[in-house]
>>> print(open('my_file24.txt').read())   # compact mmCIF, N, CA and C atoms
# COMPACT_ATOMS: atom_id res chain seq x y z
N MET A 20 42.07 148.77 112.29
CA MET A 20 43.12 147.93 112.81
C MET A 20 44.46 148.64 112.62
N SER A 21 45.25 148.74 113.67
CA SER A 21 46.53 149.44 113.60
C SER A 21 47.60 148.54 112.97
N LYS A 22 48.62 149.19 112.45
CA LYS A 22 49.73 148.47 111.83
C LYS A 22 50.59 147.83 112.92
N THR A 23 50.95 146.57 112.71
CA THR A 23 51.85 145.86 113.62
C THR A 23 53.29 146.09 113.16
N ILE A 24 54.14 146.50 114.08
CA ILE A 24 55.55 146.70 113.80
C ILE A 24 56.33 145.90 114.84
N GLY A 25 57.31 145.14 114.39
CA GLY A 25 58.04 144.30 115.34
C GLY A 25 59.47 144.02 114.94
N ASN A 26 60.13 143.20 115.76
CA ASN A 26 61.50 142.79 115.51
C ASN A 26 61.65 141.31 115.81
N PHE A 27 62.73 140.72 115.31
CA PHE A 27 62.92 139.28 115.46
C PHE A 27 64.39 138.91 115.32
N TYR A 28 64.68 137.69 115.75
CA TYR A 28 65.94 137.05 115.38
C TYR A 28 65.61 135.62 115.00
N LEU A 29 66.34 135.07 114.06
CA LEU A 29 66.16 133.69 113.61
C LEU A 29 67.52 133.03 113.46
N LYS A 30 67.63 131.82 114.00
CA LYS A 30 68.85 131.02 113.87
C LYS A 30 68.58 129.87 112.92
N LEU A 31 69.55 129.51 112.12
CA LEU A 31 69.45 128.39 111.19
C LEU A 31 70.00 127.14 111.88
N THR A 32 69.19 126.09 111.96
CA THR A 32 69.64 124.84 112.56
C THR A 32 70.47 124.04 111.56
N ASP A 33 71.17 123.03 112.04
CA ASP A 33 71.96 122.17 111.15
C ASP A 33 71.07 121.47 110.12
N ALA A 34 69.80 121.25 110.43
CA ALA A 34 68.88 120.60 109.50
C ALA A 34 68.28 121.59 108.49
N GLY A 35 68.61 122.88 108.62
CA GLY A 35 68.11 123.87 107.66
C GLY A 35 66.81 124.54 108.07
N ASN A 36 66.35 124.31 109.29
CA ASN A 36 65.14 124.94 109.78
C ASN A 36 65.50 126.19 110.58
N LEU A 37 64.50 126.96 110.99
CA LEU A 37 64.73 128.20 111.73
C LEU A 37 64.11 128.14 113.11
N ILE A 38 64.78 128.72 114.09
CA ILE A 38 64.22 128.91 115.42
C ILE A 38 64.56 130.33 115.85
N GLY A 39 63.67 130.95 116.60
CA GLY A 39 63.94 132.30 117.05
C GLY A 39 62.82 132.86 117.90
N GLU A 40 62.83 134.17 118.04
CA GLU A 40 61.83 134.88 118.84
C GLU A 40 61.47 136.18 118.16
N PHE A 41 60.29 136.70 118.50
CA PHE A 41 59.85 137.98 117.97
C PHE A 41 59.14 138.78 119.06
N SER A 42 59.03 140.06 118.84
CA SER A 42 58.25 140.96 119.67
C SER A 42 57.64 141.99 118.74
N ASN A 43 56.53 142.59 119.15
CA ASN A 43 55.93 143.62 118.31
C ASN A 43 55.08 144.58 119.13
N THR A 44 54.48 145.53 118.45
CA THR A 44 53.67 146.56 119.11
C THR A 44 52.40 146.00 119.73
N GLU A 45 52.03 144.78 119.40
CA GLU A 45 50.82 144.17 119.94
C GLU A 45 51.13 143.24 121.11
N ALA A 46 52.40 142.97 121.38
CA ALA A 46 52.78 141.95 122.37
C ALA A 46 53.48 142.56 123.57
N GLU A 47 53.24 141.98 124.71
CA GLU A 47 53.98 142.34 125.91
C GLU A 47 54.97 141.21 126.16
N GLY A 48 56.17 141.37 125.70
CA GLY A 48 57.18 140.33 125.82
C GLY A 48 57.58 139.79 124.47
N SER A 49 58.36 138.72 124.51
CA SER A 49 58.79 138.08 123.27
C SER A 49 58.19 136.68 123.21
N PHE A 50 58.06 136.17 121.98
CA PHE A 50 57.41 134.88 121.74
C PHE A 50 58.23 134.07 120.75
N PRO A 51 58.12 132.73 120.82
CA PRO A 51 58.89 131.88 119.91
C PRO A 51 58.31 131.84 118.50
N GLU A 52 59.21 131.66 117.55
CA GLU A 52 58.83 131.41 116.16
C GLU A 52 59.75 130.32 115.65
N SER A 53 59.22 129.42 114.86
CA SER A 53 60.04 128.40 114.23
C SER A 53 59.55 128.21 112.80
N ALA A 54 60.43 127.66 111.96
CA ALA A 54 60.06 127.47 110.57
C ALA A 54 60.75 126.23 110.00
N TRP A 55 59.98 125.49 109.23
CA TRP A 55 60.47 124.30 108.53
C TRP A 55 60.78 124.70 107.10
N ARG A 56 62.00 124.37 106.64
CA ARG A 56 62.41 124.74 105.28
C ARG A 56 61.78 123.80 104.26
N LYS A 57 60.98 124.38 103.37
CA LYS A 57 60.38 123.64 102.26
C LYS A 57 61.34 123.54 101.09
N CYS A 58 62.07 124.63 100.84
CA CYS A 58 62.89 124.70 99.64
C CYS A 58 64.05 125.66 99.86
N LYS A 59 65.26 125.19 99.61
CA LYS A 59 66.44 126.06 99.67
C LYS A 59 66.64 126.64 98.28
N ILE A 60 66.94 127.92 98.23
CA ILE A 60 67.15 128.59 96.95
C ILE A 60 68.60 129.04 96.88
N GLY A 61 69.40 128.40 96.05
CA GLY A 61 70.81 128.76 95.90
C GLY A 61 71.65 128.29 97.08
N ALA A 62 72.85 128.85 97.16
CA ALA A 62 73.81 128.41 98.17
C ALA A 62 73.88 129.32 99.39
N VAL A 63 73.15 130.44 99.39
CA VAL A 63 73.22 131.39 100.49
C VAL A 63 72.42 130.86 101.68
N PRO A 64 73.05 130.78 102.87
CA PRO A 64 72.30 130.32 104.04
C PRO A 64 71.07 131.22 104.27
N PHE A 65 70.03 130.66 104.81
CA PHE A 65 68.76 131.31 105.13
C PHE A 65 67.84 131.48 103.91
N VAL A 66 68.38 131.66 102.73
CA VAL A 66 67.53 131.93 101.56
C VAL A 66 66.73 130.69 101.22
N GLY A 67 65.41 130.85 101.09
CA GLY A 67 64.54 129.74 100.76
C GLY A 67 63.11 130.01 101.16
N ASP A 68 62.28 128.98 101.01
CA ASP A 68 60.87 129.04 101.38
C ASP A 68 60.63 128.15 102.58
N TYR A 69 59.84 128.65 103.53
CA TYR A 69 59.60 127.97 104.79
C TYR A 69 58.11 127.97 105.14
N ILE A 70 57.74 127.09 106.06
CA ILE A 70 56.45 127.16 106.74
C ILE A 70 56.79 127.64 108.15
N SER A 71 56.34 128.84 108.49
CA SER A 71 56.66 129.46 109.76
C SER A 71 55.48 129.36 110.72
N THR A 72 55.75 129.09 111.98
CA THR A 72 54.69 129.03 112.99
C THR A 72 55.08 129.88 114.20
N TRP A 73 54.08 130.52 114.80
CA TRP A 73 54.29 131.33 115.99
C TRP A 73 53.00 131.41 116.79
N TYR A 74 53.14 131.82 118.03
CA TYR A 74 52.01 131.98 118.92
C TYR A 74 51.43 133.37 118.74
N ASP A 75 50.14 133.44 118.47
CA ASP A 75 49.44 134.71 118.30
C ASP A 75 48.70 135.01 119.60
N LYS A 76 49.24 135.94 120.39
CA LYS A 76 48.67 136.25 121.69
C LYS A 76 47.23 136.77 121.58
N GLU A 77 46.96 137.53 120.52
CA GLU A 77 45.63 138.11 120.33
C GLU A 77 44.56 137.04 120.19
N SER A 78 44.84 136.01 119.39
CA SER A 78 43.86 134.94 119.19
C SER A 78 44.03 133.80 120.18
N GLY A 79 45.19 133.73 120.85
CA GLY A 79 45.47 132.64 121.77
C GLY A 79 45.77 131.33 121.07
N LYS A 80 46.13 131.41 119.78
CA LYS A 80 46.38 130.21 118.98
C LYS A 80 47.71 130.33 118.26
N SER A 81 48.20 129.19 117.80
CA SER A 81 49.37 129.18 116.93
C SER A 81 48.94 129.54 115.52
N THR A 82 49.81 130.25 114.82
CA THR A 82 49.54 130.67 113.45
C THR A 82 50.63 130.08 112.56
N ALA A 83 50.25 129.66 111.37
CA ALA A 83 51.21 129.16 110.38
C ALA A 83 51.10 130.02 109.12
N ALA A 84 52.25 130.29 108.52
CA ALA A 84 52.27 131.09 107.29
C ALA A 84 53.45 130.65 106.43
N GLU A 85 53.36 130.94 105.15
CA GLU A 85 54.48 130.75 104.24
C GLU A 85 55.47 131.88 104.52
N LEU A 86 56.75 131.57 104.56
CA LEU A 86 57.80 132.57 104.74
C LEU A 86 58.80 132.43 103.61
N SER A 87 59.04 133.52 102.91
CA SER A 87 60.03 133.54 101.84
C SER A 87 61.16 134.48 102.26
N ILE A 88 62.39 133.98 102.21
CA ILE A 88 63.57 134.79 102.52
C ILE A 88 64.43 134.85 101.27
N LEU A 89 64.71 136.08 100.82
CA LEU A 89 65.50 136.31 99.61
C LEU A 89 66.56 137.37 99.90
N PRO A 90 67.65 137.39 99.12
CA PRO A 90 68.61 138.48 99.28
C PRO A 90 67.90 139.81 99.02
N LYS A 91 68.25 140.84 99.79
CA LYS A 91 67.61 142.15 99.61
C LYS A 91 67.97 142.76 98.26
N TYR A 92 69.23 142.59 97.87
CA TYR A 92 69.71 143.06 96.57
C TYR A 92 70.46 141.90 95.93
N ASN A 93 70.61 141.92 94.62
CA ASN A 93 71.30 140.83 93.94
C ASN A 93 72.72 140.61 94.46
N ASP A 94 73.41 141.69 94.77
CA ASP A 94 74.80 141.56 95.21
C ASP A 94 74.98 141.80 96.70
N SER A 95 73.88 141.78 97.47
CA SER A 95 74.01 142.08 98.90
C SER A 95 74.53 140.87 99.67
N ALA A 96 75.53 141.12 100.44
CA ALA A 96 76.06 140.07 101.30
C ALA A 96 75.50 140.30 102.70
N GLY A 97 74.61 139.41 103.12
CA GLY A 97 74.11 139.50 104.47
C GLY A 97 72.90 140.37 104.69
N LEU A 98 72.26 140.86 103.63
CA LEU A 98 71.02 141.63 103.76
C LEU A 98 69.89 140.87 103.07
N PHE A 99 68.74 140.77 103.75
CA PHE A 99 67.65 139.93 103.26
C PHE A 99 66.30 140.64 103.35
N LYS A 100 65.38 140.23 102.47
CA LYS A 100 63.99 140.65 102.59
C LYS A 100 63.16 139.41 102.91
N LEU A 101 62.14 139.59 103.73
CA LEU A 101 61.30 138.49 104.19
C LEU A 101 59.84 138.84 103.93
N VAL A 102 59.08 137.85 103.51
CA VAL A 102 57.63 138.03 103.31
C VAL A 102 56.91 136.83 103.92
N TRP A 103 55.98 137.11 104.83
CA TRP A 103 55.10 136.08 105.40
C TRP A 103 53.75 136.23 104.72
N SER A 104 53.15 135.12 104.31
CA SER A 104 51.83 135.19 103.66
C SER A 104 50.98 133.99 104.07
N GLU A 105 49.67 134.23 104.11
CA GLU A 105 48.70 133.19 104.43
C GLU A 105 47.68 133.14 103.30
N SER A 106 47.43 131.96 102.78
CA SER A 106 46.47 131.76 101.68
C SER A 106 46.75 132.71 100.53
N GLY A 107 48.03 132.92 100.21
CA GLY A 107 48.42 133.75 99.08
C GLY A 107 48.37 135.25 99.35
N LYS A 108 48.00 135.66 100.56
CA LYS A 108 47.91 137.08 100.90
C LYS A 108 49.02 137.46 101.88
N GLN A 109 49.78 138.50 101.55
CA GLN A 109 50.87 138.94 102.41
C GLN A 109 50.34 139.42 103.75
N THR A 110 50.89 138.87 104.85
CA THR A 110 50.48 139.29 106.18
C THR A 110 51.54 140.16 106.86
N PHE A 111 52.82 139.93 106.56
CA PHE A 111 53.91 140.74 107.08
C PHE A 111 55.03 140.79 106.05
N HIS A 112 55.84 141.85 106.11
CA HIS A 112 57.06 141.93 105.31
C HIS A 112 58.13 142.58 106.17
N GLY A 113 59.38 142.25 105.89
CA GLY A 113 60.45 142.80 106.70
C GLY A 113 61.80 142.71 106.03
N GLN A 114 62.79 143.11 106.77
CA GLN A 114 64.17 143.02 106.29
C GLN A 114 65.04 142.59 107.45
N ALA A 115 66.19 142.00 107.13
CA ALA A 115 67.08 141.49 108.16
C ALA A 115 68.52 141.54 107.67
N MET A 116 69.43 141.41 108.63
CA MET A 116 70.84 141.32 108.30
C MET A 116 71.46 140.20 109.12
N LEU A 117 72.56 139.66 108.62
CA LEU A 117 73.28 138.63 109.35
C LEU A 117 74.06 139.27 110.50
N CYS A 118 73.98 138.64 111.65
CA CYS A 118 74.72 139.09 112.82
C CYS A 118 75.11 137.87 113.64
N ASP A 119 76.39 137.57 113.72
CA ASP A 119 76.87 136.41 114.47
C ASP A 119 76.16 135.12 114.09
N GLY A 120 75.95 134.92 112.80
CA GLY A 120 75.36 133.68 112.30
C GLY A 120 73.85 133.60 112.37
N MET A 121 73.16 134.68 112.75
CA MET A 121 71.70 134.65 112.76
C MET A 121 71.14 135.87 112.06
N LEU A 122 69.87 135.77 111.68
CA LEU A 122 69.19 136.91 111.08
C LEU A 122 68.59 137.76 112.19
N VAL A 123 68.82 139.05 112.13
CA VAL A 123 68.23 140.00 113.07
C VAL A 123 67.54 141.06 112.21
N GLY A 124 66.25 141.30 112.49
CA GLY A 124 65.55 142.23 111.63
C GLY A 124 64.29 142.80 112.23
N ASN A 125 63.54 143.45 111.34
CA ASN A 125 62.27 144.06 111.71
C ASN A 125 61.21 143.66 110.69
N TYR A 126 59.96 143.82 111.09
CA TYR A 126 58.86 143.47 110.19
C TYR A 126 57.66 144.35 110.51
N GLN A 127 56.71 144.37 109.59
CA GLN A 127 55.46 145.11 109.80
C GLN A 127 54.36 144.51 108.97
N SER A 128 53.14 144.80 109.38
CA SER A 128 52.00 144.38 108.58
C SER A 128 51.87 145.35 107.40
N PRO A 129 51.23 144.91 106.31
CA PRO A 129 51.11 145.79 105.14
C PRO A 129 50.28 147.05 105.41
>>> encode(input="my_file24.txt", output="structure tokens")
Amino acid sequence: MSKTIGNFYLKLTDAGNLIGEFSNTEAEGSFPESAWRKCKIGAVPFVGDYISTWYDKESGKSTAAELSILPKYNDSAGLFKLVWSESGKQTFHGQAMLCDGMLVGNYQSP
């Protein structure tokens, strides 16, 4: 199985949830992703734990995973690390930066 490499953007809604789109080496086009915030961590926007869902073209089904967004460094302003996991196993990891109020980044499978 080849490594999946992709990119995404995520916007934070007024309710604290995420909406956005992604594309990757396995997809022809872009697809929606959304996430419900389970837990906000600190005062930094975007930082927290989410349940993320997206359409998996390969399986033809929606997929749900835990998504954790944390500052990339303790003192980083606007840089983040992201980890998606299913059943306690990491499925993707990535990094992002703030751009015009949204997260823009890249991700890959382990």
>>> atom_distance(input="my_file24.txt", atom1="atom CA of A:Pro64", atom2="atom N of A:Leu31")
8.6 Å
>>> select_by_dssp(input="my_file24.txt", residues="chain A", states="strand (DSSP E)", output="ChimeraX atom specification")
/A:24-31,37-43,50-59,67-75,80-90,98-105,108-118,121-127
>>> axis_aligned_box(input="my_file24.txt", around="stretch 56-66 of chain A", padding_each_side="4 Å", output="lines of an AutoDock Vina configuration file")
center_x = 67.1
center_y = 127.7
center_z = 101.3
size_x = 21.5
size_y = 16.4
size_z = 18.7
>>> closest_residue(input="my_file24.txt", among="A:Thr44, A:Asn26, A:Gln114, A:Asn36", to="A:Leu98", atoms="only C-alpha atoms")
A:Gln114
>>> closest_residue(input="my_file24.txt", among="A:Ser42, A:Val66, A:Ser71, A:Gly48", to="A:Pro90", atoms="all atoms listed in the file")
A:Val66
>>> atom_distance(input="my_file24.txt", atom1="atom N of A:Arg56", atom2="atom CA of A:Leu29")
12.4 Å
>>> closest_residue(input="my_file24.txt", among="A:Glu105, A:Asn43, A:Asp68, A:Val63", to="A:Ala83", atoms="only N, CA and C atoms")
A:Glu105
>>> closest_residue(input="my_file24.txt", among="A:Gln109, A:Met116, A:Ala54, A:Thr82", to="A:Ile70", atoms="only C-alpha atoms")
A:Ala54
>>> atom_distance(input="my_file24.txt", atom1="atom C of A:Gly39", atom2="atom CA of A:Ser53")
6.4 Å
>>> closest_residue(input="my_file24.txt", among="A:Trp73, A:Lys108, A:Val102, A:Cys118", to="A:Lys30", atoms="only C-alpha atoms")
A:Cys118
>>> closest_residue(input="my_file24.txt", among="A:Lys59, A:Glu85, A:Thr72, A:Leu122", to="A:Ser104", atoms="all atoms listed in the file")
A:Glu85
>>> residues_around(input="my_file24.txt", residues="A:His112", least_positions_apart="6", cutoff="7 Å", atoms="only N, CA and C atoms", output="count of residues only")
9
